[in-house]
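Below is one structure; the comments refer to it alone.
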Amino acid sequence: MSKDEFIKEIDRALENFQMSPEMREFLTNLKNNLPLTEADRFKSYTERMDRILMTISVVVEFSKYT
């Protein structure tokens, strides 16, 4: 995926999906400060995965009580 395509996808997600303020802030920061090195890209990827896993954990916990 090219840099321009990546930015377009972030913009699309920000416009079309409901998300927490933290996730919105994370995506906005990611868009404004794209990772340049492989290590930066990996760190960004792992941060996104951590947030996704936290979200899934919260959903699982809520689903236990509904």
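Note on naming: chains are A, B, ... as they come in the structure tokens, residues start from 1 per chain, ligands start from 1 in the order shown.
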Write out as a CSV table (one decimal) with N, CA, C and O atoms, in the first residue's frame which residues come within 10 Å of region 52-66 of chain A when counting only C-alpha atoms, dropping same-chain ones fewer than 4 positions away.
```csv
chain,number,residue,atom,x,y,z
A,20,SER,N,-13.6,5.3,19.6
A,20,SER,CA,-13.3,6.0,20.9
A,20,SER,C,-12.4,7.2,20.5
A,20,SER,O,-11.7,7.3,19.5
A,23,MET,N,-8.8,6.2,20.0
A,23,MET,CA,-8.5,5.6,18.7
A,23,MET,C,-8.5,6.6,17.6
A,23,MET,O,-7.6,6.6,16.8
A,46,THR,N,2.3,-2.8,16.2
A,46,THR,CA,2.1,-3.5,17.5
A,46,THR,C,1.2,-2.6,18.4
A,46,THR,O,0.3,-3.1,19.1
A,47,GLU,N,1.3,-1.3,18.3
A,47,GLU,CA,0.4,-0.4,19.1
A,47,GLU,C,-1.0,-0.6,18.6
A,47,GLU,O,-2.0,-0.6,19.4
A,48,ARG,N,-1.2,-0.7,17.3
A,48,ARG,CA,-2.6,-0.8,16.8
A,48,ARG,C,-3.2,-2.2,17.2
A,48,ARG,O,-4.3,-2.3,17.6
```
_Residue contacts of region 8-17 of chain A (7 Å, only C-alpha atoms) excluding same-chain residues fewer than 3 positions away, as a list of chain:residue names_ =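 Listed by chain and then number, they are A:Asp4, A:Glu5, A:Arg24, A:Leu27, A:Lys31.
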*If you run DSSP over the backbone, which residues in chain A end up alpha helix (DSSP H)? Put them as a count of residues only.*
53
*Please indicate the distance in Å from CA of Pro21 (chain A) to CA of Glu38 (chain A), rounded to one decimal place.*
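The value is 27.2 Å.
The coordinates place CA of Leu36 (chain A) at 10.4 Å from CA of Lys3 (chain A).
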